[in-house]
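K.L.:
Supplied structure: entry_16.pdb, PDB, C-alpha atoms.
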```pdb
ATOM      1  CA  MET A 582      12.004  98.534 157.871
ATOM      2  CA  ASN A 583      14.233  96.966 160.513
ATOM      3  CA  ASP A 584      12.070  98.250 163.365
ATOM      4  CA  LEU A 585       9.149  96.055 162.299
ATOM      5  CA  PRO A 586       7.813  93.326 164.561
ATOM      6  CA  ALA A 587       8.937  89.776 163.904
ATOM      7  CA  ASN A 588       6.493  87.590 161.990
ATOM      8  CA  LEU A 589       5.023  90.452 159.955
ATOM      9  CA  LEU A 590       3.722  88.843 156.770
ATOM     10  CA  CYS A 591       1.938  90.397 153.837
ATOM     11  CA  TYR A 592      -0.453  88.080 152.036
ATOM     12  CA  ASP A 593      -3.063  87.679 149.348
ATOM     13  CA  ILE A 594      -5.141  84.814 147.991
ATOM     14  CA  GLU A 595      -6.498  83.919 144.576
ATOM     15  CA  VAL A 596      -9.419  81.542 144.083
ATOM     16  CA  TYR A 597     -10.536  79.769 140.914
ATOM     17  CA  PRO A 598     -12.821  76.744 140.410
ATOM     18  CA  ASN A 599      -9.810  74.404 140.121
ATOM     19  CA  PHE A 600      -7.064  76.408 141.835
ATOM     20  CA  PHE A 601      -6.333  78.203 145.092
ATOM     21  CA  CYS A 602      -3.130  79.957 146.046
ATOM     22  CA  ALA A 603      -2.030  82.017 149.009
ATOM     23  CA  THR A 604       1.190  83.993 148.836
ATOM     24  CA  PHE A 605       2.904  85.209 152.004
ATOM     25  CA  LYS A 606       5.946  87.483 152.039
ATOM     26  CA  ASP A 607       7.885  88.293 155.180
ATOM     27  CA  VAL A 608       8.079  92.092 155.221
ATOM     28  CA  ARG A 609      11.411  92.075 157.090
ATOM     29  CA  THR A 610      13.319  89.304 155.320
ATOM     30  CA  GLY A 611      11.603  89.168 151.927
ATOM     31  CA  LYS A 612      11.094  85.402 152.195
ATOM     32  CA  VAL A 613       8.163  84.287 150.020
ATOM     33  CA  ARG A 614       5.963  81.259 150.674
ATOM     34  CA  VAL A 615       3.285  80.137 148.226
ATOM     35  CA  TYR A 616       0.666  77.556 149.178
ATOM     36  CA  ARG A 617      -1.390  75.891 146.446
ATOM     37  CA  ARG A 618      -4.438  73.678 146.154
ATOM     38  CA  ASN A 619      -5.400  72.046 142.873
ATOM     39  CA  SER A 620      -6.092  68.492 141.698
ATOM     40  CA  ASP A 621      -2.391  67.560 142.066
ATOM     41  CA  VAL A 622      -1.219  69.578 145.070
ATOM     42  CA  ASN A 623      -2.600  70.182 148.551
ATOM     43  CA  GLU A 624      -0.463  72.551 150.631
ATOM     44  CA  LEU A 625      -3.332  73.714 152.833
ATOM     45  CA  HIS A 626      -2.059  71.870 155.911
ATOM     46  CA  ALA A 627       1.312  73.639 155.640
ATOM     47  CA  MET A 628      -0.461  76.998 155.256
ATOM     48  CA  SER A 629      -2.660  76.270 158.273
ATOM     49  CA  LYS A 630       0.401  75.342 160.307
ATOM     50  CA  LEU A 631       2.043  78.675 159.427
ATOM     51  CA  LEU A 632      -1.072  80.612 160.400
ATOM     52  CA  GLN A 633      -1.497  78.797 163.700
ATOM     53  CA  GLN A 634       2.072  79.325 164.933
ATOM     54  CA  GLY A 635       0.999  82.350 166.982
ATOM     55  CA  ASP A 636       2.430  85.839 167.239
ATOM     56  CA  LEU A 637       1.706  86.664 163.584
ATOM     57  CA  CYS A 638       0.685  89.978 162.137
ATOM     58  CA  LEU A 639      -0.797  89.733 158.636
ATOM     59  CA  ILE A 640      -1.073  92.651 156.258
ATOM     60  CA  GLY A 641      -3.348  92.543 153.241
ATOM     61  CA  HIS A 642      -5.813  94.543 151.201
ATOM     62  CA  ASN A 643      -9.498  93.767 151.829
ATOM     63  CA  THR A 644      -8.499  90.901 154.095
ATOM     64  CA  LEU A 645     -10.970  91.667 156.882
ATOM     65  CA  VAL A 646     -14.021  91.027 154.703
ATOM     66  CA  TYR A 647     -12.656  88.448 152.256
ATOM     67  CA  ASP A 648      -9.238  86.779 152.520
ATOM     68  CA  ASN A 649      -9.255  86.200 156.283
ATOM     69  CA  ILE A 650     -12.717  84.622 156.161
ATOM     70  CA  VAL A 651     -11.723  82.232 153.376
ATOM     71  CA  VAL A 652      -8.448  81.350 155.108
ATOM     72  CA  ARG A 653     -10.142  80.730 158.478
ATOM     73  CA  TRP A 654     -12.599  78.411 156.729
ATOM     74  CA  ILE A 655      -9.708  76.514 155.118
ATOM     75  CA  ILE A 656      -8.043  76.115 158.525
ATOM     76  CA  GLN A 657     -11.273  74.541 159.778
ATOM     77  CA  ASN A 658     -11.549  72.382 156.629
ATOM     78  CA  PRO A 659      -7.964  71.474 155.629
ATOM     79  CA  ARG A 660      -8.949  68.636 153.292
ATOM     80  CA  VAL A 661     -11.149  70.741 151.030
ATOM     81  CA  LYS A 662     -10.689  70.738 147.287
ATOM     82  CA  ALA A 663     -10.123  73.844 145.183
ATOM     83  CA  GLU A 664     -13.725  73.729 143.949
ATOM     84  CA  ASP A 665     -14.968  73.755 147.577
ATOM     85  CA  ILE A 666     -12.851  76.834 148.300
ATOM     86  CA  TYR A 667     -14.227  78.461 145.153
ATOM     87  CA  ARG A 668     -17.835  77.824 146.205
ATOM     88  CA  PHE A 669     -17.192  79.167 149.706
ATOM     89  CA  SER A 670     -15.327  82.167 148.284
ATOM     90  CA  LYS A 671     -18.343  83.041 146.149
ATOM     91  CA  ARG A 672     -20.498  82.976 149.283
ATOM     92  CA  VAL A 673     -18.093  85.345 151.057
ATOM     93  CA  PHE A 674     -17.990  87.657 148.057
ATOM     94  CA  ALA A 675     -21.808  87.687 147.942
ATOM     95  CA  LYS A 676     -21.902  88.508 151.683
ATOM     96  CA  ASP A 677     -23.878  85.343 152.463
ATOM     97  CA  GLU A 678     -25.466  85.901 155.880
ATOM     98  CA  ASN A 679     -25.323  82.150 156.605
ATOM     99  CA  ILE A 680     -21.540  82.218 156.946
ATOM    100  CA  PRO A 681     -20.864  81.600 160.641
ATOM    101  CA  LEU A 682     -20.150  84.755 162.620
ATOM    102  CA  GLU A 683     -17.078  83.076 164.106
ATOM    103  CA  LEU A 684     -15.454  83.107 160.661
ATOM    104  CA  ARG A 685     -16.267  86.770 160.092
ATOM    105  CA  TYR A 686     -15.674  88.000 163.643
ATOM    106  CA  PRO A 687     -13.558  85.422 165.477
ATOM    107  CA  SER A 688     -13.687  85.537 169.264
ATOM    108  CA  SER A 689     -10.100  84.335 169.457
ATOM    109  CA  LYS A 690      -7.733  85.593 166.810
ATOM    110  CA  LEU A 691      -4.955  83.426 165.451
ATOM    111  CA  TRP A 692      -3.157  86.518 164.136
ATOM    112  CA  LYS A 693      -3.277  90.294 164.234
ATOM    113  CA  ASP A 694      -4.686  92.011 161.143
ATOM    114  CA  ILE A 695      -3.774  95.117 159.229
ATOM    115  CA  ASP A 696      -6.113  95.695 156.289
ATOM    116  CA  THR A 697      -4.775  98.450 154.048
ATOM    117  CA  LEU A 698      -8.221  98.812 152.467
ATOM    118  CA  ALA A 699      -9.685  99.795 155.827
ATOM    119  CA  ILE A 700      -6.916 102.362 156.270
ATOM    120  CA  THR A 701      -7.252 103.837 152.763
ATOM    121  CA  ARG A 702     -11.030 104.332 152.806
ATOM    122  CA  VAL A 703     -11.960 107.869 151.834
ATOM    123  CA  ASN A 704     -15.403 109.090 152.907
ATOM    124  CA  THR A 705     -16.639 105.466 153.089
ATOM    125  CA  GLN A 706     -15.455 104.861 149.513
ATOM    126  CA  ARG A 707     -13.320 101.788 148.912
ATOM    127  CA  VAL A 708      -9.899 102.421 147.418
ATOM    128  CA  GLY A 709      -9.013  99.318 145.448
ATOM    129  CA  LEU A 710      -5.495  97.937 145.498
ATOM    130  CA  LYS A 711      -4.786  98.833 141.865
ATOM    131  CA  THR A 712      -6.072 102.396 142.358
ATOM    132  CA  ALA A 713      -3.898 102.760 145.454
ATOM    133  CA  GLY A 714      -0.958 101.441 143.426
ATOM    134  CA  VAL A 715      -1.478 104.032 140.688
ATOM    135  CA  VAL A 716      -1.857 106.881 143.205
ATOM    136  CA  THR A 717       1.291 105.824 145.089
ATOM    137  CA  LYS A 718       3.241 105.216 141.850
ATOM    138  CA  PHE A 719       3.896 101.480 142.255
ATOM    139  CA  HIS A 720       6.091 100.218 139.421
ATOM    140  CA  THR A 721       3.848  97.396 138.127
ATOM    141  CA  ILE A 722       0.064  97.332 138.088
ATOM    142  CA  LYS A 723      -1.395  94.056 136.837
ATOM    143  CA  ASP A 724      -4.980  93.050 136.219
ATOM    144  CA  LEU A 725      -6.220  89.591 137.122
ATOM    145  CA  PRO A 726      -4.975  87.514 134.184
ATOM    146  CA  TYR A 727      -8.109  85.333 133.858
ATOM    147  CA  PRO A 728     -11.755  85.703 134.827
ATOM    148  CA  PRO A 729     -12.282  84.267 138.332
ATOM    149  CA  ASP A 730     -14.674  81.570 137.049
ATOM    150  CA  LYS A 731     -12.193  80.115 134.506
ATOM    151  CA  LEU A 732     -10.816  76.601 134.804
ATOM    152  CA  LEU A 733      -7.050  77.056 134.656
ATOM    153  CA  THR A 734      -4.320  74.973 133.046
ATOM    154  CA  HIS A 735      -1.173  74.360 135.113
ATOM    155  CA  GLU A 736       0.644  77.032 133.100
ATOM    156  CA  GLN A 737      -2.142  79.529 133.821
ATOM    157  CA  MET A 738      -2.007  78.617 137.513
ATOM    158  CA  GLU A 739       1.644  79.656 137.621
ATOM    159  CA  GLU A 740       0.777  82.938 135.903
ATOM    160  CA  VAL A 741      -1.842  83.536 138.627
ATOM    161  CA  VAL A 742       0.837  82.872 141.276
ATOM    162  CA  ARG A 743       3.054  85.540 139.667
ATOM    163  CA  TYR A 744       0.099  87.936 139.593
ATOM    164  CA  ASN A 745      -0.624  87.138 143.256
ATOM    165  CA  LEU A 746       2.986  87.854 144.261
ATOM    166  CA  ASN A 747       2.792  91.207 142.443
ATOM    167  CA  ASP A 748      -0.318  92.070 144.493
ATOM    168  CA  VAL A 749       1.539  91.133 147.685
ATOM    169  CA  GLU A 750       4.448  93.377 146.686
ATOM    170  CA  LEU A 751       2.015  96.185 145.833
ATOM    171  CA  THR A 752       0.445  95.777 149.288
ATOM    172  CA  ILE A 753       3.895  95.974 150.914
ATOM    173  CA  HIS A 754       4.515  99.167 148.931
ATOM    174  CA  LEU A 755       1.190 100.553 150.164
ATOM    175  CA  PHE A 756       2.114  99.480 153.706
ATOM    176  CA  SER A 757       5.351 101.476 153.488
ATOM    177  CA  VAL A 758       3.454 104.545 152.230
ATOM    178  CA  LEU A 759       0.901 104.226 155.058
ATOM    179  CA  ARG A 760       3.480 103.286 157.685
ATOM    180  CA  ASN A 761       2.768 106.150 160.117
ATOM    181  CA  GLU A 762      -0.942 105.293 160.276
ATOM    182  CA  ILE A 763      -0.191 101.579 160.532
ATOM    183  CA  ASP A 764       2.363 101.925 163.355
ATOM    184  CA  VAL A 765      -0.463 103.040 165.610
ATOM    185  CA  ARG A 766      -2.263  99.738 164.919
ATOM    186  CA  ILE A 767       0.627  97.293 165.456
TER     187      ILE A 767
END
```
Let's see the structure in the file written out as structure tokens.

P.N.:
Amino acid sequence: MNDLPANLLCYDIEVYPNFFCATFKDVRTGKVRVYRRNSDVNELHAMSKLLQQGDLCLIGHNTLVYDNIVVRWIIQNPRVKAEDIYRFSKRVFAKDENIPLELRYPSSKLWKDIDTLAITRVNTQRVGLKTAGVVTKFHTIKDLPYPPDKLLTHEQMEEVVRYNLNDVELTIHLFSVLRNEIDVRI
């Protein structure tokens, strides 16, 4: 994958009432960055700084209709608590029509997007990340370790981070399988 553009990051987020994490992995170098928000840690400013550096291309699964919206909102509200992110995330998931259009369809993009879900749609049917992983024979398929409305302990938060990294690696695997279709979009 040496012919990839610089600053090509694969990412995923996880949101719980008392915990948020975003995991980014550089597709070229393999460098992993994890940003957390809970009652003890606020790394949202550092995440926002990464995302606003310009010349980024982000790859994810279902990012156009979920992750990107949540992340854009965090950039606009860097001092939010995990429970605020959770409440906003629920609104995004419920397709709340009161979410500003600028968050859903930004007029100026901070980064380029590649959403593997949009590429893997079959006859308007969504192909979930885990299903795509099974079909493409990814080595480890994991289910979300805790219900998304659970209050997590610090130990559980770290398990969610490991789960999140696995999803990022699964998305990179899917990216490599779909590479010919994706090259047209970069």

K.L.:
Within 10 Å of A:His642, counting only C-alpha atoms, which residues show up once you throw out same-chain ones fewer than 4 positions away? Write them as a ChimeraX atom specification, please.

P.N.:
/A:591-593,646-648,695-701,708-710,748-749,751-753,755-756

K.L.:
Identify which of the residues A:Trp692, A:Glu750, A:Val741, A:Val758 lies closest to A:Gln634, counting all atoms listed in the file when measuring atom-to-atom distances.

P.N.:
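Closest candidate: A:Trp692.
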
K.L.:
Env of A:Val608: 10 Å cut, atoms = only C-alpha atoms, seq-sep filter 3 positions within chain, self excluded. Answer as a ChimeraX atom specification.

P.N.:
/A:582-583,585-592,605,611-613,639-640,750,753,756-757

K.L.:
Given the choices A:His754, A:Ser689, A:Ser620, A:Asp724, which gets closest to A:Gly635 if the distance is worked out from only C-alpha atoms?

P.N.:
A:Ser689

K.L.:
Take the PyMOL selection byres ((chain A and resi 727) around 10), run it mentally on this structure, and tell me the resulting residues as a list of chain:residue names.

P.N.:
A:Tyr597, A:Asp724, A:Leu725, A:Pro726, A:Pro728, A:Pro729, A:Asp730, A:Lys731, A:Leu732, A:Leu733, A:Gln737, A:Met738, A:Glu740, A:Val741

K.L.:
Can you tell me, as a list in words, what residues are no more than 9 Å from stretch 656-661 of chain A when counting all atoms listed in the file, ignoring any on the same chain fewer than 4 positions away?

P.N.:
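In the requested format, the answer is Arg618, Asn623, Leu625, His626, Met628, Ser629, Lys630, Leu632, Gln633, Val651, Val652, Asp665 and Ile666 of chain A.
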
K.L.:
Go ahead and compute the interatomic distance for atom CA of A:Ile594 and atom CA of A:Val742, in Å to one decimal.

P.N.:
9.2 Å

K.L.:
Quick one, how far is atom CA of A:Lys606 from atom CA of A:Glu736?

P.N.:
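A separation of 22.3 Å between them.
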
K.L.:
If you measure from atom CA of A:Pro598 to atom CA of A:Asn679, what distance in Å do you get, rounded to one decimal?

P.N.:
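Atom CA of A:Asn679 lies 21.2 Å from atom CA of A:Pro598.
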
K.L.:
With only C-alpha atoms as the atoms that count, which of A:Tyr744, A:Val673, A:Glu664, A:Leu645 lies nearest to A:Tyr686?

P.N.:
A:Leu645

K.L.:
For a quick check of understanding, using all atoms listed in the file, which of A:Ile722, A:Leu637, A:Arg614, A:Asn619 has the smallest distance to A:Thr734?

P.N.:
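Of A:Ile722, A:Leu637, A:Arg614, A:Asn619, the one nearest A:Thr734 is A:Asn619, counting all atoms listed in the file.
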